[in-house]
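Following: one structure in structure tokens, then a few remarks.
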Amino acid sequence: MDTLESVIKAHIRTYGPMTIETFMGIVLGHPKLGYYITRDPLGVGGDFTTAPEISQLFGEMIGLCLADAWLRAGCPPFHLVELGPGRGTLMADLLRGTKNIAGFHEKMRLHLVETSPALRAKQEALLEGYKPTWHSDDNTLPEDAPLFIIANEFFDALPIRQIAMLNHKAVERTVGLDENGALTYGLTDAPPSLLSRRLDDGEIIEVSPLREAVMEKLSRRITTQGGIFLIIDYGEDSPKFGGDTFQAVHKHGYCNPLEHIGHADLTSHVDFYRLRSIARQYGCDTQGAVTQAAFLEGLGIRARAAMLQDDQIDSGLERLVDPRSMGVLFKVMAASFGFSPAVPDNHA
Ligand code: SAH
């Protein structure tokens with residue numbers, strides 16, 4: 001059987017060096033061999049761990065944030081949507097945490113956007129009681145009620161392109177083959193349309209047409225239908241967002257993205273400044289980005305942890321809010337219309 005590496009090499013031999021975007025797209029999403037398609041990458045036995053896998057408090061706080069905005073808006077029917085729900089843990093914690101809020105579950109329909117059959121199976125096992133509808137992408141989400149959309153560590157997995165200014169010439173990073181047939185980075189002329197801002201010589205930026213397309217479509221949906229789009233991920237909210245953040249993680253450690261093809265997660269940092277500008281351009285109100293620590297502490301995560309009186313809960317809490325762990329690297333922003341989520345509105 002072909003390996004993912006042999007598929008990529010054959011593609012390069014036929015079509016020439018590929019952009020980082022094409023490389024990420026094939027490695028993560030190849031319909032048979034893709035990283036996410038073939039496995040559950042989460043947890044101790046996998047490659048990486050996410051906030052909901054660290055602590056139940058995470059999903060509970062997100063539930064609180066959405067339920068609070070829903071109550072203040074008069075409790076309308078709505079669609080609860082998660083993009084890339086992983087094992088379904090965040091959603092299970094959110095739903096357990098909101099079960100006593102009168103009408104919240106009755107007025108809700110659940111939708112999960114997931115490409116991975118392996119992860120869909122896990123989500124099904126955990127969430128079947130809530131009768132979710134699965135979607136392969138956001139295009140089939142319903143149009144008849146407000147959308148409450150959650151994306152935790154979803155945007156970082158959508159492919160990017162890397163553009164650099166070298167010797168006053170705009171170039172794009174590619175993946176090709178060296179004289180021994182091994183994968184190696186290369187450079188090609190960058191399409192001028194990808195230069196989202198003026199670059200100094202030696203500067204490198206990452207742009208993601210795919211992330212931008214998702215943000216545009218869902219921002220338009222939010223202003224038409226009403227709702228909240230809550231995005232949590234690692235990244236920056238700065239007009240100067242830049243640098244090489246393309247990374248591979250295998251068994252909880254960083255590795256070379258050109259090694260362990262299909263057995264390592266490929267991601268990059270999220271440009272919140274860009275996502276926020278798109279949301280505003282489409283008429284959304286925006287909140288944040290703020291640090292994950294500010295967001296969770298604003299919602300009362302410490303009081304909730306104190307109620308539970310459990311050492312494991314306390315250590316999970318620290319990992320979520322500690323600036324040396326996830327507290328500052330991770331940011332939270334919301335795009336909303338007709339609802340006002342409690343995300344502290346000072347920029348991170
Ligand atoms: N949100 C989860 C999982 C994060 S991992 C958590 O916090 O634990 C990224 C998730 O996005 C996985 O569920 C993966 O299968 C999904 N995913 C990646 N690319 C996707 C795409 N293009 N469309 C839909 N889902 C995708």
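Starting from 1 in every chain, residues are counted up; chains themselves are A, B, ... following the order of the structure tokens, and ligands are numbered from 1 as listed.
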(request) Check every protein, DNA and RNA residue against ligand 1, keep those with an atom at most 6 Å away (counting only C-alpha atoms and all ligand atoms), and present them as a ChimeraX atom specification. (result) /A:36,50,52,84-86,113-116,137,152-154,157-158
Residues of stretch 77-173 of chain A within 12 Å of stretch 322-346 of chain A: nearest atom pair and distance (Å, one decimal) for each, counting only C-alpha atoms, sorted by chain and number, as JSON lines?
{"residue": "A:Phe78", "atom": "CA", "partner": "A:Phe339", "partner_atom": "CA", "distance": 11.7}
{"residue": "A:Ala145", "atom": "CA", "partner": "A:Gly338", "partner_atom": "CA", "distance": 11.9}
{"residue": "A:Pro146", "atom": "CA", "partner": "A:Gly338", "partner_atom": "CA", "distance": 8.9}
{"residue": "A:Leu147", "atom": "CA", "partner": "A:Ser336", "partner_atom": "CA", "distance": 9.5}
{"residue": "A:Phe148", "atom": "CA", "partner": "A:Ser336", "partner_atom": "CA", "distance": 9.0}
{"residue": "A:Ile149", "atom": "CA", "partner": "A:Ala334", "partner_atom": "CA", "distance": 9.6}
{"residue": "A:Ile150", "atom": "CA", "partner": "A:Ala334", "partner_atom": "CA", "distance": 9.4}
{"residue": "A:Ala151", "atom": "CA", "partner": "A:Val332", "partner_atom": "CA", "distance": 9.9}
{"residue": "A:Asn152", "atom": "CA", "partner": "A:Val332", "partner_atom": "CA", "distance": 9.2}
{"residue": "A:Glu153", "atom": "CA", "partner": "A:Phe330", "partner_atom": "CA", "distance": 9.4}
{"residue": "A:Asp156", "atom": "CA", "partner": "A:Phe330", "partner_atom": "CA", "distance": 11.2}
(message) So the first atom is atom CA of A:Thr3 and the second is atom CA of A:Gln123; what is the distance between them in Å, to one decimal place?
(response) 27.2 Å
(request) May I have the residues within 12 Å of A:Cys255 as number ranges by chain, using only C-alpha atoms and disregarding those fewer than 6 positions away in the same chain? (result) A: 47, 246-249, 261, 263-267
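Distance check against A:Thr14 using only C-alpha atoms: of A:Glu128, A:Gly176, A:Arg276, A:Ala164, the minimum falls on A:Gly176.
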(message) Report as number ranges by chain all protein, DNA and RNA residues lying within 12 Å of A:Ile8, evaluated on only C-alpha atoms, omitting residues in the same chain fewer than 3 positions from it.
(response) A: 2-5, 11-20, 22-28, 30, 33-34, 175-177, 181-184, 258, 261-262
If you keep C-alpha atoms, can you produce a file of those selected residues as a short mmCIF file (atom, residue, chain, number, x, y, z; two decimals), in the first residue's frame?
data_model
loop_
_atom_site.label_atom_id
_atom_site.label_comp_id
_atom_site.auth_asym_id
_atom_site.auth_seq_id
_atom_site.Cartn_x
_atom_site.Cartn_y
_atom_site.Cartn_z
CA ASP A 2 1.14 3.56 -0.70
CA THR A 3 2.40 5.61 2.22
CA LEU A 4 1.49 9.26 2.54
CA GLU A 5 5.15 10.14 1.94
CA HIS A 11 2.71 14.44 -6.58
CA ILE A 12 5.91 16.52 -6.59
CA ARG A 13 7.47 14.44 -9.37
CA THR A 14 4.36 15.01 -11.49
CA TYR A 15 3.45 18.61 -10.70
CA GLY A 16 6.67 20.11 -9.26
CA PRO A 17 7.24 21.57 -5.77
CA MET A 18 4.04 22.19 -3.78
CA THR A 19 3.07 25.09 -1.52
CA ILE A 20 2.96 24.56 2.26
CA THR A 22 -0.99 21.87 -0.50
CA PHE A 23 1.45 19.91 1.68
CA MET A 24 -0.59 20.49 4.86
CA GLY A 25 -3.83 19.76 3.05
CA ILE A 26 -2.60 16.37 1.80
CA VAL A 27 -0.81 15.36 5.03
CA LEU A 28 -3.76 16.22 7.29
CA HIS A 30 -5.82 12.92 2.39
CA LEU A 33 -4.09 8.26 4.53
CA GLY A 34 -4.47 11.76 6.08
CA VAL A 175 8.15 21.52 -0.46
CA GLY A 176 10.11 19.71 -3.17
CA LEU A 177 12.68 16.94 -3.60
CA GLY A 181 14.75 12.19 -3.69
CA ALA A 182 14.21 13.35 -0.07
CA LEU A 183 11.67 16.03 0.83
CA THR A 184 13.20 19.48 1.19
CA LEU A 258 9.11 17.01 6.70
CA ILE A 261 4.76 12.37 7.37
CA GLY A 262 1.18 11.52 8.30
#
(message) Need the shell around A:Pro239: protein/DNA/RNA residues with any atom at most 12 Å away, counting only C-alpha atoms. Skip same-chain ones fewer than 3 positions apart. Format as a PyMOL selection string?
(response) chain A and resi 196-198+205+236+242+271-277+347
(request) Using DSSP on the backbone coordinates, identify the residues of stretch 121-286 of chain A assigned to strand (DSSP E or B); present them as number ranges by chain. (result) A: 133-135, 147-152, 161-166, 169-177, 183-189, 204-207, 227-236, 247-250, 253-255, 265-267, 270-271, 285-286
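Across the model, the gap from atom CA of A:Glu172 to atom CA of A:Asp189 is 5.9 Å.
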(message) Using Å and a single decimal, report how far atom CA of A:Leu90 sits from atom CA of A:Ala118.
(response) 17.0 Å
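Nearest to A:Ala306 of all the residues A:His111, A:Ser136, A:Pro117, A:Leu57 is A:Leu57, counting only C-alpha atoms.
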(request) Would you please work out which residue, of A:Tyr130, A:Arg304, A:Glu53, A:Glu124, is nearest to A:Glu106 when using only C-alpha atoms? (result) A:Tyr130
(request) Please provide the set of residues having any atom within 10 Å of A:Trp70, restricted to only C-alpha atoms, with same-chain residues fewer than 2 positions apart removed, written as JSON, numbers by chain. (result) {"A": [64, 65, 66, 67, 68, 72, 73, 74, 75, 76, 77, 78, 104, 148, 227, 228, 338, 339, 340, 341]}
(message) Could you go through stretch 173-328 of chain A and tell me which residues DSSP, when run on the backbone, assigns to alpha helix (DSSP H), listing them as a VMD selection string?
(response) chain A and resid 209 to 225 272 to 281 292 to 298 301 to 308 311 to 321
(message) What's around A:Gly45 at 12 Å? Count only C-alpha atoms, leave out sequence neighbours fewer than 3 positions away in its own chain, and write the answer as a ChimeraX atom specification.
(response) /A:39-42,48-49,250-252
File of the preceding selection, C-alpha atoms, as a CSV table (one decimal), in the first residue's frame:
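Result file follows (selection-v8.csv):
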chain,number,residue,atom,x,y,z
A,39,ARG,CA,-6.5,8.3,13.9
A,40,ASP,CA,-7.5,9.9,17.1
A,41,PRO,CA,-4.4,12.1,17.7
A,42,LEU,CA,-5.4,13.3,21.2
A,48,PHE,CA,-1.0,16.3,21.6
A,49,THR,CA,-3.5,17.3,24.3
A,250,HIS,CA,4.6,14.0,17.2
A,251,LYS,CA,4.2,12.1,20.5
A,252,HIS,CA,4.0,15.3,22.5
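You can rank A:His79, A:Ile313, A:Glu297, A:Leu166 by their closest distance to A:Gln225 using only C-alpha atoms, and at the top of that list sits A:His79.
Residue nearest A:Gly253, chosen from A:Arg120, A:Met61, A:Gln281, A:Gly46 and counting only C-alpha atoms: A:Gly46.
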(message) Please determine, counting only C-alpha atoms, which residue among A:Leu127, A:Leu296, A:Leu317, A:Cys284 has the shortest atom-to-atom distance to A:Arg221.
(response) A:Cys284
